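Below is one structure; the comments refer to it alone.
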Amino acid sequence: MLAKSPAFTAIIVLTLALGIGANTSIFTLVDAVMLRSIPVRDPQQLVVAQWSAGQGPRNVGTSRFGDCATSSENATSTTGCSWSYPLFQEIQGQKNIFANAMAFAGPYQMDLSGNGAAIAQGELVSGSYFQTLGVSSAFGRTLAPDDDKPGAPSVAVLDYAYWQRAFGGSPAAIGRTIRLNNAVFTIVGVAEPSFTRLTPGKSVDLWVSLSQALSLGLGHIHLADPTDWWLVVVGRLQPPVSRTQAEAALDSIFLNETLRGAKPVWAQADYPHLSLLPAQQGLAGIRSFYSEPLLLLMVAVGLILLIACANVAGLMLARAATREREMAVRLAMGAARRRVIRQLLTESLLLSFIGAALGALLAPLGVSGLAAFFLKNQYFPLQLDLHLDARVLFFTLGTALLTGIGFGLAPAFRGSRTSVTSQLKGTTTTAAASHGRGRILGLGSALVVLQAALSMVVLTGAGLLLRTLDNLRSIDPGFDTRNLMIFDISPQLAGYKDAQIPALYVNLQRRIGSLPGVTGVSYSSDALLDGGLRTGDMNIEGRADKSPVEVQMLAVGPDYFQTMKIPLLDGRLLTQTDPNGTKRALVNRAFVTKFLIKERFVLG
């Protein structure tokens with residue numbers, strides 16, 4: 001029957017393919033970012049430790065790498081998931097609560113070539129990392145607790161995909177020595193291929209033990225300092241212990257260490273509290289950034305599929321009017337009305353499944369396009385597993401089933417109500433004909449109204465999105481964004497010591513500034529608008545409130561404001577003529593409005 005009307009069939013199949021393919025594309029991203037479980041043994045037993053307090057301590061921050069999704073019942077509370085190494089050891093020692101516990105931080109960019117030309121994403125992990133997760137090795141071995149002891153040999157474990165990419169999948173890579181940040185490491189193993197990620201979106205090429213932080217040149221990490229909070233802690237609960245019981249037991253230990261330890265980091269009035277989140281919820285990664293946009297996209301493409309269903313239902317109704325004589329013959333030969341309905345629904349479902357098959361073939365194109373858009377707007381590499389797994393296939397099949405029934409019901413019921421006598425005689429009374437046309441026109445009109453309403457919703461949303469994008473483009477960021485090129489460097493990866501780095505920056509600024517077409521060169525600790533400004537405390541003399549204020553700070557080099565074309569409203573710019581040892585700072589208009597004008601202060 002479908003082959004008799006190839007043009008009609010092609011239009012419906014293509015319409016459904018676009019609608020179902022778009023939904024499959026978005027759901028693939030939703031599945032990769034939000035739904036896919038951690039590929040480890042018994043992930044439901046894993047929990048992530050987080051803290052909350054009325055006011056965050058000044059020397060404790062949230063995770064430096066956006067691993068965790070912290071939550072707090074009190075909107076005024078500060079939450080975080082960074083922990084110090086001594087406190088991790090205290091938590092790890094609670095064998096009556098955790099079967100195993102591990103900690104990790106990163107990934108950090110590591111020089112794999114000795115000259116900064118090859119960069120790998122390396123994660124620092126405790127020796128219990130793989131044991132806690134239940135991840136085995138494909139070749140060689142994984143890290144062990146002994147690898148995390150002081151003086152242990154420097155060893156590394158490779159990610160399976162990175163091993164394939166960088167070493168051609170050769171087993172000879174095991175036992176080979178490599179240089180990471182000019183430190184020699186021995187490859188002892190390759191993680192199993194199923195372990196593709198721990199945190200959604202995070203790209204990790206290799207793992208080394210926490211004890212190797214100093215040998216890697218990561219001088220800002222202090223393992224023995226209880227006030228240096230930088231680790232994410234994950235534990236596997238003992239089977240009889242519930243999450244609530246574990247929280248209660250660990251909270252007392254947490255309070256004792258942070259309030260009454262050798263270096264307290266909280267006051268009792270801050271009401272510090274420890275809690276545990278399921279790992280699937282706690283290890284959020286890019287989920288916290290992309291969950292809402294993806295859900296909005298899912299709603300939008302769902303509305304587009306409804307529009308497609310209404311469009312196809314209208315076409316099917318029009319075709320049903322031309323098949324009334326055929327349906328009359330079927331009914332006259334003894335077919336029950338339910339069998340006619342089943343016949344027409346079968347045709348609708350066949351069309352829907354053909355469209356879904358074509359849509360599934362088109363979906364990877366949409367997925368790759370959206371993923372490329374997400375990835376190119378990131379400063380650090382992201383890892384997304386976008387293969388079509390069983391969940392995506394079941395979603396596509398379920399969508400095809402609901403779609404086929406959705407647009408096929410009205411034509412099926414319309415076809416089963418054909419007047420047998422009038423159709424077989426070849427004559428219809430005016431009243432009967434008018435009544436039949438009226439029912440078709442009524443259903444058709446309802447479908448047109450539905451299409452128009454849904455289209456208005458989608459178009460309104462698209463218009464608002466375009467208006468928002470236009471508004472974002474027209475916002476004045478406070479500097480001239482034209483003809484700017486920004487790149488970052490890591491001198492430590494190339495072997496530069498801290499004392500050598502300032503001279504390197506000055507030399508680079510001079511040499512790049514001498515290139516033809518370059519009108520200005522400078523450098524800063526972070527790029528503007530990338531969300532990476534560092535937070536610190538500042539005391540303002542004479543202010544009624546004597547407590548420090550939290551501000552965002554940016555360290556800049558010479559000629560920074562001239563290069564970025566940031567206008568000066570008052571005072572003067574930072575110059576190289578300022579005496580050594582003096583502290584000079586520029587503040588922006590928001591700082592003046594928030595902290596100075598309210599106190600009736602003046603600059604200087």
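Note on naming: chains are A, B, ... as they come in the structure tokens, residues start from 1 per chain, ligands start from 1 in the order shown.
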DSSP-assigned strand (DSSP E or B) members of segment 228-301 of chain A, reported as a PDB file with C-alpha atoms, in the first residue's frame:
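This went into states-v7.pdb:
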ATOM      1  CA  TRP A 229      41.831  21.844  50.678  1.00  0.00           C
ATOM      2  CA  TRP A 230      42.086  20.600  47.083  1.00  0.00           C
ATOM      3  CA  LEU A 231      40.993  16.952  46.923  1.00  0.00           C
ATOM      4  CA  VAL A 232      37.685  15.335  46.003  1.00  0.00           C
ATOM      5  CA  VAL A 233      36.966  12.385  48.312  1.00  0.00           C
ATOM      6  CA  VAL A 234      34.916   9.370  47.207  1.00  0.00           C
ATOM      7  CA  GLY A 235      34.124   6.345  49.365  1.00  0.00           C
ATOM      8  CA  ARG A 236      32.503   2.953  48.892  1.00  0.00           C
ATOM      9  CA  LEU A 237      30.126   2.208  51.759  1.00  0.00           C
ATOM     10  CA  HIS A 273      28.463  20.068  58.567  1.00  0.00           C
ATOM     11  CA  LEU A 274      29.559  17.051  56.524  1.00  0.00           C
ATOM     12  CA  SER A 275      27.208  15.259  54.151  1.00  0.00           C
ATOM     13  CA  LEU A 276      27.466  12.486  51.580  1.00  0.00           C
ATOM     14  CA  LEU A 277      26.003  12.541  48.083  1.00  0.00           C
ATOM     15  CA  PRO A 278      25.517   9.545  45.784  1.00  0.00           C
ATOM     16  CA  LEU A 283      30.251  13.939  40.525  1.00  0.00           C
TER      17      LEU A 283
END
Do a neighbour search on Leu361 of chain A at 12 Å with only C-alpha atoms, toss out local chain neighbours closer than 5 positions, and write the hits as a ChimeraX atom specification.
/A:17-18,20-22,24-25,354-356,366-367,388,393,396
At what distance in Å, to one decimal, does atom CA of Met316 of chain A lie from atom CA of Gly408 of chain A?
7.4 Å
Nearest residue to Glu123 of chain A out of A:Met102, A:Leu198, A:Leu206, A:Ala462, using only C-alpha atoms?
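Nearest candidate to Glu123 of chain A out of A:Met102, A:Leu198, A:Leu206, A:Ala462: A:Leu206.
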Excluding Tyr290 of chain A and its own-chain neighbours fewer than 5 positions away, which residues fall within 10 Å of it when counting only C-alpha atoms? Please give them as an MDAnalysis selection string.
chainID A and resid 29:30 33:34 285 295 374
Nearest residue to Pro240 of chain A from the set A:Ser82, A:Gln552, A:Asn96, A:Gln500 (distances using only C-alpha atoms):
A:Asn96
Just the residues within 8 Å of Thr403 of chain A, please, counting only C-alpha atoms, with nothing from its chain fewer than 5 positions along; format it as an mmCIF file with N, CA and C atoms, in the first residue's frame.
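To be explicit, this is the file written out as part31.cif:
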data_model
loop_
_atom_site.group_PDB
_atom_site.id
_atom_site.type_symbol
_atom_site.label_atom_id
_atom_site.label_comp_id
_atom_site.auth_asym_id
_atom_site.auth_seq_id
_atom_site.Cartn_x
_atom_site.Cartn_y
_atom_site.Cartn_z
ATOM 1 N N CYS A 309 3.968 15.350 13.800
ATOM 2 C CA CYS A 309 2.876 14.376 13.936
ATOM 3 C C CYS A 309 1.555 14.976 13.455
ATOM 4 N N LEU A 349 2.367 2.766 11.843
ATOM 5 C CA LEU A 349 3.552 2.360 12.596
ATOM 6 C C LEU A 349 4.708 2.000 11.670
ATOM 7 N N SER A 352 6.217 5.122 10.651
ATOM 8 C CA SER A 352 6.939 5.711 11.766
ATOM 9 C C SER A 352 8.280 5.022 11.992
#
With only C-alpha atoms as the atoms that count, which of A:Ala308, A:Val40, A:Val448, A:Leu375 lies nearest to Ile12 of chain A?
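The answer is A:Ala308, which sits nearest to Ile12 of chain A.
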Shell around Arg589 of chain A at 12 Å using only C-alpha atoms, local window under 3 positions removed, as JSON, numbers by chain:
{"A": [478, 567, 568, 569, 570, 586, 592, 593, 594, 595, 596, 597, 603]}
For the selection you just gave me, I'd like the residues written to a file as a short mmCIF file (atom, residue, chain, number, x, y, z; two decimals), in the first residue's frame, keeping all heavy atoms.
data_model
loop_
_atom_site.label_atom_id
_atom_site.label_comp_id
_atom_site.auth_asym_id
_atom_site.auth_seq_id
_atom_site.Cartn_x
_atom_site.Cartn_y
_atom_site.Cartn_z
N GLY A 478 33.48 46.10 28.73
CA GLY A 478 34.44 46.97 29.41
C GLY A 478 35.79 47.03 28.76
O GLY A 478 36.68 47.75 29.23
N PRO A 567 39.21 51.70 29.56
CA PRO A 567 39.32 53.13 29.90
C PRO A 567 39.57 53.33 31.40
O PRO A 567 39.09 52.56 32.24
CB PRO A 567 37.97 53.70 29.48
CG PRO A 567 37.03 52.53 29.52
CD PRO A 567 37.84 51.33 29.14
N LEU A 568 40.32 54.36 31.72
CA LEU A 568 40.60 54.73 33.10
C LEU A 568 39.64 55.83 33.52
O LEU A 568 39.57 56.89 32.89
CB LEU A 568 42.05 55.22 33.23
CG LEU A 568 42.51 55.62 34.63
CD1 LEU A 568 42.55 54.40 35.54
CD2 LEU A 568 43.87 56.30 34.56
N LEU A 569 38.87 55.60 34.58
CA LEU A 569 37.89 56.57 35.05
C LEU A 569 38.48 57.56 36.03
O LEU A 569 38.09 58.73 36.08
CB LEU A 569 36.70 55.85 35.69
CG LEU A 569 35.94 54.87 34.79
CD1 LEU A 569 34.79 54.24 35.56
CD2 LEU A 569 35.43 55.57 33.54
N ASP A 570 39.42 57.11 36.86
CA ASP A 570 40.01 58.00 37.86
C ASP A 570 41.32 57.39 38.32
O ASP A 570 41.57 56.18 38.17
CB ASP A 570 39.05 58.16 39.05
CG ASP A 570 39.45 59.35 39.93
OD1 ASP A 570 40.40 60.07 39.56
OD2 ASP A 570 38.80 59.55 40.97
N LEU A 586 44.24 48.35 41.12
CA LEU A 586 43.17 49.10 40.45
C LEU A 586 41.86 48.39 40.76
O LEU A 586 41.82 47.16 40.81
CB LEU A 586 43.39 49.13 38.94
CG LEU A 586 43.98 50.42 38.37
CD1 LEU A 586 45.41 50.57 38.83
CD2 LEU A 586 43.91 50.40 36.85
N VAL A 592 33.86 50.14 43.54
CA VAL A 592 33.64 51.46 44.14
C VAL A 592 32.20 51.60 44.60
O VAL A 592 31.91 52.06 45.71
CB VAL A 592 34.01 52.57 43.14
CG1 VAL A 592 33.66 53.93 43.70
CG2 VAL A 592 35.49 52.51 42.80
N THR A 593 31.27 51.19 43.74
CA THR A 593 29.84 51.32 44.08
C THR A 593 29.47 50.46 45.29
O THR A 593 28.72 50.89 46.16
CB THR A 593 28.99 50.91 42.87
OG1 THR A 593 29.34 51.73 41.76
CG2 THR A 593 27.51 51.05 43.18
N LYS A 594 30.04 49.26 45.35
CA LYS A 594 29.65 48.32 46.40
C LYS A 594 30.31 48.60 47.73
O LYS A 594 29.67 48.50 48.80
CB LYS A 594 29.99 46.89 45.96
CG LYS A 594 29.54 45.80 46.92
CD LYS A 594 29.81 44.43 46.34
CE LYS A 594 29.32 43.33 47.28
NZ LYS A 594 29.60 41.98 46.72
N PHE A 595 31.59 48.96 47.71
CA PHE A 595 32.33 49.03 48.96
C PHE A 595 32.76 50.44 49.37
O PHE A 595 33.03 50.67 50.55
CB PHE A 595 33.59 48.16 48.88
CG PHE A 595 33.31 46.72 48.66
CD1 PHE A 595 33.76 46.06 47.53
CD2 PHE A 595 32.57 45.99 49.58
CE1 PHE A 595 33.51 44.72 47.32
CE2 PHE A 595 32.31 44.65 49.39
CZ PHE A 595 32.77 44.01 48.26
N LEU A 596 32.83 51.38 48.44
CA LEU A 596 33.35 52.69 48.78
C LEU A 596 32.28 53.77 48.86
O LEU A 596 32.24 54.53 49.82
CB LEU A 596 34.44 53.10 47.77
CG LEU A 596 35.65 52.16 47.69
CD1 LEU A 596 36.68 52.70 46.72
CD2 LEU A 596 36.27 51.97 49.06
N ILE A 597 31.42 53.83 47.84
CA ILE A 597 30.41 54.88 47.84
C ILE A 597 29.45 54.72 49.01
O ILE A 597 29.07 55.70 49.66
CB ILE A 597 29.65 54.89 46.50
CG1 ILE A 597 30.59 55.34 45.38
CG2 ILE A 597 28.43 55.80 46.58
CD1 ILE A 597 29.94 55.38 44.02
N LEU A 603 38.66 57.46 46.58
CA LEU A 603 39.82 56.71 46.17
C LEU A 603 41.08 57.31 46.76
O LEU A 603 41.24 58.52 46.82
CB LEU A 603 39.92 56.69 44.64
CG LEU A 603 38.84 55.88 43.92
CD1 LEU A 603 39.01 56.03 42.42
CD2 LEU A 603 38.91 54.42 44.32
#
Shell of 8 Å around Val204 of chain A, only C-alpha atoms, local chain residues under 3 positions omitted, as an mmCIF file with N, CA and C atoms, in the first residue's frame:
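The result, stored in result_15.cif:
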data_model
loop_
_atom_site.group_PDB
_atom_site.id
_atom_site.type_symbol
_atom_site.label_atom_id
_atom_site.label_comp_id
_atom_site.auth_asym_id
_atom_site.auth_seq_id
_atom_site.Cartn_x
_atom_site.Cartn_y
_atom_site.Cartn_z
ATOM 1 N N PRO A 107 41.934 17.179 36.118
ATOM 2 C CA PRO A 107 43.266 16.907 35.561
ATOM 3 C C PRO A 107 44.128 18.156 35.456
ATOM 4 N N ALA A 120 49.504 16.234 27.971
ATOM 5 C CA ALA A 120 48.575 15.189 28.406
ATOM 6 C C ALA A 120 47.793 15.700 29.606
ATOM 7 N N GLN A 121 46.571 15.218 29.739
ATOM 8 C CA GLN A 121 45.734 15.567 30.881
ATOM 9 C C GLN A 121 45.928 14.501 31.952
ATOM 10 N N GLY A 122 46.665 14.857 32.995
ATOM 11 C CA GLY A 122 46.980 13.899 34.044
ATOM 12 C C GLY A 122 46.226 14.192 35.322
ATOM 13 N N GLU A 123 45.751 13.144 35.969
ATOM 14 C CA GLU A 123 44.995 13.282 37.210
ATOM 15 C C GLU A 123 45.822 12.712 38.357
ATOM 16 N N ASP A 159 45.084 5.864 30.324
ATOM 17 C CA ASP A 159 43.717 5.636 29.862
ATOM 18 C C ASP A 159 43.761 4.787 28.598
ATOM 19 N N ARG A 197 35.250 7.320 31.997
ATOM 20 C CA ARG A 197 35.183 8.581 32.732
ATOM 21 C C ARG A 197 34.752 8.289 34.157
ATOM 22 N N TRP A 207 46.974 8.605 34.922
ATOM 23 C CA TRP A 207 46.842 8.793 36.366
ATOM 24 C C TRP A 207 48.188 8.572 37.031
#
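Separating atom CA of Gly314 of chain A from atom CA of Ala332 of chain A is a distance of 26.7 Å.
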Residues near Gln238 of chain A, anyone? I mean within 8 Å using only C-alpha atoms, not counting same-chain ones fewer than 3 positions away, as an mmCIF file with N, CA and C atoms, in the first residue's frame.
data_model
loop_
_atom_site.group_PDB
_atom_site.id
_atom_site.type_symbol
_atom_site.label_atom_id
_atom_site.label_comp_id
_atom_site.auth_asym_id
_atom_site.auth_seq_id
_atom_site.Cartn_x
_atom_site.Cartn_y
_atom_site.Cartn_z
ATOM 1 N N ASN A 96 35.089 0.905 59.398
ATOM 2 C CA ASN A 96 33.746 0.454 59.762
ATOM 3 C C ASN A 96 32.667 1.167 58.953
ATOM 4 N N ILE A 97 33.050 2.219 58.244
ATOM 5 C CA ILE A 97 32.096 2.969 57.413
ATOM 6 C C ILE A 97 32.330 2.699 55.931
ATOM 7 N N PHE A 98 33.593 2.770 55.520
ATOM 8 C CA PHE A 98 33.927 2.609 54.109
ATOM 9 C C PHE A 98 34.690 1.305 53.889
ATOM 10 N N ALA A 99 34.268 0.557 52.894
ATOM 11 C CA ALA A 99 35.061 -0.588 52.460
ATOM 12 C C ALA A 99 36.369 -0.102 51.849
ATOM 13 N N VAL A 241 26.090 -0.484 55.965
ATOM 14 C CA VAL A 241 26.033 0.911 56.387
ATOM 15 C C VAL A 241 25.246 1.729 55.373
#
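A straight line drawn from atom CA of Asp205 of chain A to atom CA of Ser137 of chain A is 14.5 Å long.
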